[in-house]
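Undergrad: Please find entry-v5.txt (compact mmCIF, C-alpha atoms and all ligand atoms) on the next line:
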```txt
# COMPACT_ATOMS: atom_id res chain seq x y z
CA MET A 281 16.29 9.21 -2.96
CA LYS A 282 16.17 5.47 -2.52
CA LEU A 283 16.59 3.28 -5.57
CA PRO A 284 14.13 0.42 -5.98
CA ARG A 285 15.27 -3.18 -6.37
CA LEU A 286 14.06 -3.28 -9.96
CA VAL A 287 14.13 -0.68 -12.74
CA GLY A 288 12.85 -1.29 -16.28
CA HIS A 289 15.69 -0.84 -18.81
CA ARG A 290 14.88 1.43 -21.78
CA GLY A 291 11.27 0.91 -20.63
CA ALA A 292 10.97 -2.87 -20.54
CA ALA A 293 13.16 -3.67 -23.54
CA ALA A 294 12.50 -7.41 -23.73
CA HIS A 295 8.75 -6.82 -23.96
CA ALA A 296 8.27 -3.61 -25.96
CA PRO A 297 10.51 -1.55 -28.25
CA GLU A 298 13.21 0.24 -26.26
CA ASN A 299 12.97 3.94 -25.55
CA THR A 300 9.34 4.29 -26.67
CA LEU A 301 6.17 5.34 -24.92
CA ALA A 302 4.90 1.76 -25.31
CA GLY A 303 7.98 0.61 -23.42
CA ILE A 304 7.29 3.01 -20.56
CA ARG A 305 3.68 1.82 -20.41
CA ALA A 306 4.83 -1.80 -20.43
CA ALA A 307 7.03 -1.14 -17.39
CA ARG A 308 4.05 0.31 -15.56
CA ASP A 309 1.86 -2.60 -16.64
CA PHE A 310 4.44 -4.92 -15.07
CA GLY A 311 3.90 -3.08 -11.80
CA LEU A 312 7.26 -1.30 -11.76
CA ASP A 313 7.68 2.05 -10.03
CA TRP A 314 10.79 3.08 -11.99
CA VAL A 315 12.09 3.06 -15.56
CA GLU A 316 15.41 3.93 -17.15
CA PHE A 317 15.68 5.45 -20.62
CA ASP A 318 18.26 7.27 -22.76
CA SER A 319 18.06 10.95 -23.68
CA GLN A 320 19.96 12.01 -26.78
CA LEU A 321 19.88 15.17 -28.94
CA THR A 322 18.55 15.53 -32.45
CA GLY A 323 20.49 17.63 -34.96
CA ASP A 324 18.65 20.75 -33.80
CA GLY A 325 19.21 20.03 -30.11
CA VAL A 326 15.91 18.48 -29.04
CA PRO A 327 16.22 15.68 -26.45
CA VAL A 328 14.52 12.47 -27.61
CA LEU A 329 14.62 8.88 -26.39
CA MET A 330 17.33 7.08 -28.36
CA HIS A 331 20.18 4.78 -27.39
CA ASP A 332 22.42 4.54 -30.46
CA ASP A 333 24.05 7.51 -32.16
CA THR A 334 22.65 6.34 -35.48
CA LEU A 335 18.96 5.80 -36.12
CA GLN A 336 19.54 2.56 -38.05
CA ARG A 337 18.91 -0.21 -35.54
CA THR A 338 15.58 0.96 -34.13
CA THR A 339 14.12 2.94 -37.05
CA GLY A 340 15.90 1.73 -40.22
CA ASP A 341 17.08 5.26 -41.07
CA PRO A 342 20.85 5.06 -41.63
CA ARG A 343 21.62 8.62 -40.59
CA LYS A 344 23.25 9.80 -37.39
CA ILE A 345 20.74 11.30 -34.97
CA ALA A 346 22.99 14.37 -34.60
CA GLU A 347 22.44 15.12 -38.30
CA VAL A 348 18.63 14.88 -38.38
CA PRO A 349 16.23 17.56 -37.12
CA ALA A 350 13.63 16.67 -34.50
CA ALA A 351 10.76 17.23 -36.94
CA GLU A 352 12.06 14.25 -38.94
CA VAL A 353 13.25 12.08 -36.04
CA ILE A 354 9.86 12.08 -34.33
CA GLN A 355 8.17 10.80 -37.50
CA LEU A 356 10.31 7.66 -37.57
CA ASP A 357 8.76 4.27 -36.81
CA ALA A 358 10.57 3.08 -33.68
CA GLY A 359 8.44 -0.01 -33.12
CA SER A 360 8.28 -2.21 -36.23
CA TRP A 361 11.89 -3.44 -35.89
CA PHE A 362 10.81 -5.01 -32.59
CA ASP A 363 7.38 -6.33 -33.61
CA GLY A 364 4.77 -5.32 -36.18
CA ARG A 365 2.32 -4.81 -33.31
CA PHE A 366 4.28 -1.68 -32.40
CA SER A 367 4.34 -0.07 -35.86
CA LEU A 368 2.61 3.05 -34.58
CA GLU A 369 5.37 3.84 -32.07
CA ARG A 370 7.43 6.89 -32.96
CA VAL A 371 10.69 8.17 -31.49
CA PRO A 372 9.37 10.07 -28.46
CA THR A 373 10.59 13.45 -27.37
CA LEU A 374 11.85 13.63 -23.80
CA GLU A 375 9.01 16.03 -23.17
CA ALA A 376 6.40 13.47 -24.28
CA ALA A 377 8.06 10.81 -22.14
CA ALA A 378 8.02 13.12 -19.10
CA THR A 379 4.32 13.81 -19.61
CA LEU A 380 3.64 10.07 -19.71
CA LEU A 381 5.71 9.47 -16.58
CA GLU A 382 3.56 11.96 -14.74
CA GLU A 383 0.35 10.44 -16.05
CA LEU A 384 1.50 6.98 -14.93
CA ASP A 385 3.03 8.24 -11.68
CA LEU A 386 6.27 6.53 -12.61
CA ARG A 387 9.76 7.46 -11.39
CA VAL A 388 12.69 7.70 -13.72
CA ASN A 389 16.42 7.26 -14.16
CA VAL A 390 17.20 9.46 -17.15
CA GLU A 391 20.46 8.38 -18.71
CA ILE A 392 22.05 11.31 -20.50
CA LYS A 393 23.31 9.69 -23.71
CA PRO A 394 25.45 12.09 -25.74
CA SER A 395 26.34 11.59 -29.39
CA PRO A 396 30.15 11.74 -29.67
CA GLY A 397 31.48 15.11 -28.51
CA LEU A 398 28.15 16.38 -27.19
CA ALA A 399 28.34 15.51 -23.48
CA ARG A 400 27.82 19.02 -22.12
CA GLU A 401 25.19 20.01 -24.67
CA THR A 402 23.20 16.84 -24.03
CA GLY A 403 23.43 17.27 -20.27
CA ILE A 404 22.33 20.90 -20.49
CA ALA A 405 19.38 20.27 -22.84
CA THR A 406 18.14 17.18 -20.99
CA VAL A 407 18.35 18.62 -17.50
CA SER A 408 17.01 22.09 -18.39
CA LEU A 409 14.00 20.66 -20.17
CA LEU A 410 13.02 18.39 -17.31
CA LYS A 411 13.64 21.07 -14.70
CA ARG A 412 11.36 23.44 -16.58
CA LEU A 413 8.45 21.06 -16.89
CA TRP A 414 8.76 18.96 -13.71
CA SER A 415 5.78 19.31 -11.35
CA PRO A 416 6.97 20.48 -7.94
CA THR A 417 5.03 17.74 -6.17
CA ARG A 418 6.70 14.89 -8.07
CA PRO A 419 9.79 13.04 -6.84
CA LEU A 420 12.81 14.25 -8.81
CA PRO A 421 14.38 12.31 -11.69
CA LEU A 422 17.72 10.56 -11.19
CA PHE A 423 20.25 11.58 -13.87
CA SER A 424 23.03 9.19 -14.82
CA CYS A 425 25.76 9.33 -17.43
CA PHE A 426 29.03 7.69 -18.44
CA GLN A 427 30.51 11.16 -19.04
CA ALA A 428 31.35 13.27 -16.01
CA GLU A 429 30.96 16.54 -17.98
CA ALA A 430 27.26 15.88 -18.47
CA LEU A 431 26.78 15.22 -14.77
CA GLU A 432 28.70 18.42 -13.98
CA GLU A 433 26.11 20.31 -16.00
CA ALA A 434 23.31 18.43 -14.22
CA ARG A 435 24.74 19.42 -10.86
CA ARG A 436 25.15 23.03 -11.91
CA LEU A 437 21.66 23.38 -13.41
CA TRP A 438 19.56 21.33 -11.02
CA PRO A 439 21.64 20.42 -7.97
CA GLU A 440 18.68 18.97 -6.05
CA ALA A 441 18.01 16.31 -8.68
CA PRO A 442 20.06 13.24 -7.70
CA ARG A 443 22.91 11.96 -9.84
CA GLY A 444 24.33 8.50 -10.50
CA TYR A 445 27.81 7.89 -11.90
CA LEU A 446 27.59 5.30 -14.65
CA MET A 447 30.61 3.18 -15.53
CA ARG A 448 31.17 0.00 -17.47
CA SER A 449 33.69 -1.17 -14.88
CA LEU A 450 34.72 0.62 -11.73
CA ALA A 451 37.23 3.35 -12.64
CA ALA A 452 40.30 3.80 -10.43
CA ASP A 453 39.21 7.37 -9.60
CA TRP A 454 35.53 6.56 -9.03
CA ARG A 455 35.52 7.97 -5.48
CA GLU A 456 36.95 11.34 -6.49
CA THR A 457 34.55 11.68 -9.41
CA ALA A 458 31.47 10.59 -7.48
CA THR A 459 32.38 12.92 -4.62
CA ARG A 460 33.00 15.86 -6.92
CA LEU A 461 29.72 15.33 -8.77
CA GLU A 462 27.86 14.75 -5.49
CA CYS A 463 26.42 11.48 -6.74
CA VAL A 464 24.08 9.34 -4.69
CA SER A 465 24.61 6.15 -6.66
CA ILE A 466 27.09 4.16 -8.72
CA HIS A 467 25.81 2.23 -11.76
CA LEU A 468 27.94 -0.61 -13.17
CA TRP A 469 27.80 -3.23 -15.93
CA HIS A 470 26.89 -6.35 -14.00
CA PRO A 471 29.36 -8.95 -15.33
CA GLY A 472 32.34 -6.99 -13.99
CA ILE A 473 31.10 -6.32 -10.47
CA ARG A 474 33.25 -8.03 -7.83
CA PRO A 475 31.98 -8.55 -4.28
CA ASP A 476 34.86 -6.48 -2.81
CA GLN A 477 33.97 -3.58 -5.11
CA ALA A 478 30.32 -3.75 -4.08
CA LYS A 479 31.41 -3.69 -0.47
CA SER A 480 33.65 -0.61 -0.90
CA ILE A 481 30.99 1.29 -2.81
CA LYS A 482 28.37 0.55 -0.16
CA ALA A 483 30.81 1.33 2.66
CA ALA A 484 31.47 4.73 1.03
CA GLY A 485 27.73 5.47 1.34
CA TYR A 486 26.59 5.07 -2.27
CA GLN A 487 23.66 3.09 -3.55
CA LEU A 488 24.71 0.55 -6.16
CA ALA A 489 22.86 -0.33 -9.35
CA ALA A 490 23.73 -2.94 -12.00
CA TYR A 491 22.78 -3.05 -15.67
CA THR A 492 21.54 -4.98 -17.63
CA VAL A 493 20.47 -7.94 -15.53
CA ASN A 494 18.05 -10.38 -17.14
CA GLU A 495 18.91 -13.76 -15.58
CA PRO A 496 17.24 -14.64 -12.26
CA ALA A 497 20.27 -16.59 -10.97
CA ARG A 498 22.59 -13.67 -11.67
CA ALA A 499 20.10 -11.28 -10.08
CA ALA A 500 20.03 -13.38 -6.90
CA ARG A 501 23.82 -13.38 -6.73
CA LEU A 502 24.02 -9.61 -7.22
CA LEU A 503 21.53 -8.99 -4.43
CA GLU A 504 23.55 -11.34 -2.24
CA ILE A 505 26.72 -9.27 -2.71
CA GLY A 506 24.91 -6.06 -1.80
CA LEU A 507 23.44 -4.55 -4.96
CA ASP A 508 20.55 -2.19 -4.24
CA CYS A 509 19.09 -2.02 -7.71
CA LEU A 510 18.94 -4.12 -10.87
CA ILE A 511 18.16 -2.47 -14.20
CA SER A 512 16.49 -5.08 -16.39
CA ASP A 513 15.04 -5.59 -19.86
CA ASP A 514 12.89 -8.35 -18.41
CA PRO A 515 11.31 -7.18 -15.17
CA PRO A 516 8.81 -10.07 -14.87
CA ALA A 517 11.70 -12.56 -14.93
CA LEU A 518 13.40 -10.84 -11.98
CA ALA A 519 10.37 -9.76 -9.99
CA PRO A 520 10.17 -12.93 -7.86
CA ILE A 521 13.85 -12.53 -6.90
CA CYS A 522 13.53 -8.81 -6.25
CA GLY A 523 10.30 -9.13 -4.31
CA GLU A 524 8.71 -6.44 -6.42
CA SER A 525 5.58 -6.50 -8.47
CA ALA A 526 5.89 -7.31 -12.15
CA ALA A 527 2.40 -8.57 -12.82
CA ALA A 528 1.95 -9.58 -16.46
O1 LIG B 601 21.66 3.15 -17.43
C1 LIG B 601 22.08 1.83 -17.49
C2 LIG B 601 22.32 1.35 -18.89
O2 LIG B 601 21.26 1.71 -19.70
C3 LIG B 601 23.62 1.85 -19.47
O3 LIG B 601 23.94 1.29 -20.67
O4 LIG B 601 24.11 1.20 -23.11
O5 LIG B 601 22.10 0.27 -22.00
O6 LIG B 601 22.43 2.73 -22.08
P1 LIG B 601 23.09 1.39 -22.03
MG MG B 602 20.74 3.45 -20.83
```
The structure given in the file should be rewritten as structure tokens.
TA:
Amino acid sequence: MKLPRLVGHRGAAAHAPENTLAGIRAARDFGLDWVEFDSQLTGDGVPVLMHDDTLQRTTGDPRKIAEVPAAEVIQLDAGSWFDGRFSLERVPTLEAAATLLEELDLRVNVEIKPSPGLARETGIATVSLLKRLWSPTRPLPLFSCFQAEALEEARRLWPEAPRGYLMRSLAADWRETATRLECVSIHLWHPGIRPDQAKSIKAAGYQLAAYTVNEPARAARLLEIGLDCLISDDPPALAPICGESAAA
């Protein structure tokens, strides 16, 4: 598995509502080959695309996602908060997103995004669902997570699907954890990445991704210090730097 230079964050979050089917389509329309999105469980254990552990910000419903059944979550308008043009967007199930990825021939970094205390459950549900419906001819999804327990479940359930260890800043024990989880990549919050850290990670044989990079000058600097992959809300802004298509 080789990461691309540019991955659309939560779809293409500066251009379409995050974690929606419209966002995934927008990434494809920009010419990207990869998107990242967040998989979180509803109250009855169905993986859907949602970043926050409450539904408030992107749907206006004040409840916690872990307290609402899927039948209700998938009815919620996940587009109007972003722009009235997207009022028909609903919270997509992971299954619907996977179907769209196949239709668009798009690769994916699925971030396992547990509500508090649900790391293993979210890892198990997300990975099992995708394993069950993934076409054998398609390149495998890359699973990433801030919580090692979820990646442990990913490794146990679908060892062939690559894993990325996601951290805000590089943890002291990153090598041990990444080795134990058999990760292929390290994903870090971009403002904290130091050139010496990038060098050590690369020297240890991992691919290195940074989130969320939206400024061209910062993107250029990150590529200069050895980053392989930039996860961006604004792919067209970075496409000239990354040398990848992001046609409007
Ligand atoms: O996967 C990279 C990035 O999405 C991690 O942070 O909070 O945007 O999901 P967040
Ligand atoms: Mg994410």
Undergrad: Got a sec to check which residues lie within 12 Å of ligand LIG 601 (chain B), using all atoms listed in the file, and send them as an NGL selection string?
TA: :A and (287-293 or 298-299 or 315-320 or 329-333 or 388-394 or 422-427 or 443-449 or 465-470 or 488-493 or 509-513)
Undergrad: Find the spatial neighbours of Ile505 of chain A, counting all atoms listed in the file, within a cut-off of 8 Å - ignore same-chain residues fewer than 6 positions away - and output them as a list of chain:residue names.
TA: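 Close residues of Ile505 of chain A: A:Pro475, A:Ala478, A:Lys479.
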Undergrad: Skip segment 431-435 of chain A itself and residues of its chain fewer than 3 positions away, then list as an mmCIF file with C-alpha atoms, in the frame of the given file all residues within 6 Å of it, counting all atoms listed in the file.
TA:
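The resulting file, out_1.cif, is reproduced below:
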```cif
data_model
loop_
_atom_site.group_PDB
_atom_site.id
_atom_site.type_symbol
_atom_site.label_atom_id
_atom_site.label_comp_id
_atom_site.auth_asym_id
_atom_site.auth_seq_id
_atom_site.Cartn_x
_atom_site.Cartn_y
_atom_site.Cartn_z
ATOM 1 C CA GLY A 403 23.430 17.270 -20.270
ATOM 2 C CA ILE A 404 22.330 20.900 -20.490
ATOM 3 C CA VAL A 407 18.350 18.620 -17.500
ATOM 4 C CA ALA A 428 31.350 13.270 -16.010
ATOM 5 C CA TRP A 438 19.560 21.330 -11.020
ATOM 6 C CA PRO A 439 21.640 20.420 -7.970
#
```
Undergrad: How big is the axis-aligned box around the listed atoms of segment 407-423 of chain A once 3 Å is added on each side, and where is its centre? Give both in Å to one decimal, as AutoDock Vina command-line options.
TA:
```
--center_x 12.6 --center_y 17.0 --center_z -13.2 --size_x 21.2 --size_y 18.9 --size_z 20.0
```
Undergrad: Could you check the closest approach to Glu429 of chain A for each of A:Ala399, A:Leu356, A:Leu335, A:Ala452 and tell me which residue wins, using all atoms listed in the file?
TA: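 Comparing A:Ala399, A:Leu356, A:Leu335, A:Ala452 against Glu429 of chain A, the winner is A:Ala399.
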Undergrad: Mind giving me the straight-line distance from atom CA of Ala346 of chain A to atom CA of Thr322 of chain A in Å, one decimal?
TA: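 Distance reported for this atom pair: 5.1 Å.
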Undergrad: Looking at only C-alpha atoms, which of A:Pro496, A:Gly506, A:Gly303, A:Gly359 is the one that sits closest to Ile521 of chain A?
TA: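 Going through A:Pro496, A:Gly506, A:Gly303, A:Gly359 one by one, the smallest distance to Ile521 of chain A is for A:Pro496.
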Undergrad: Compare A:Pro442, A:Glu375, A:Phe366, A:Arg501 by their minimum atom-to-atom distance to Ile354 of chain A, counting all atoms listed in the file, and give me the closest one.
TA: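 Answer, going by the shortest atom-to-atom distance: A:Glu375.
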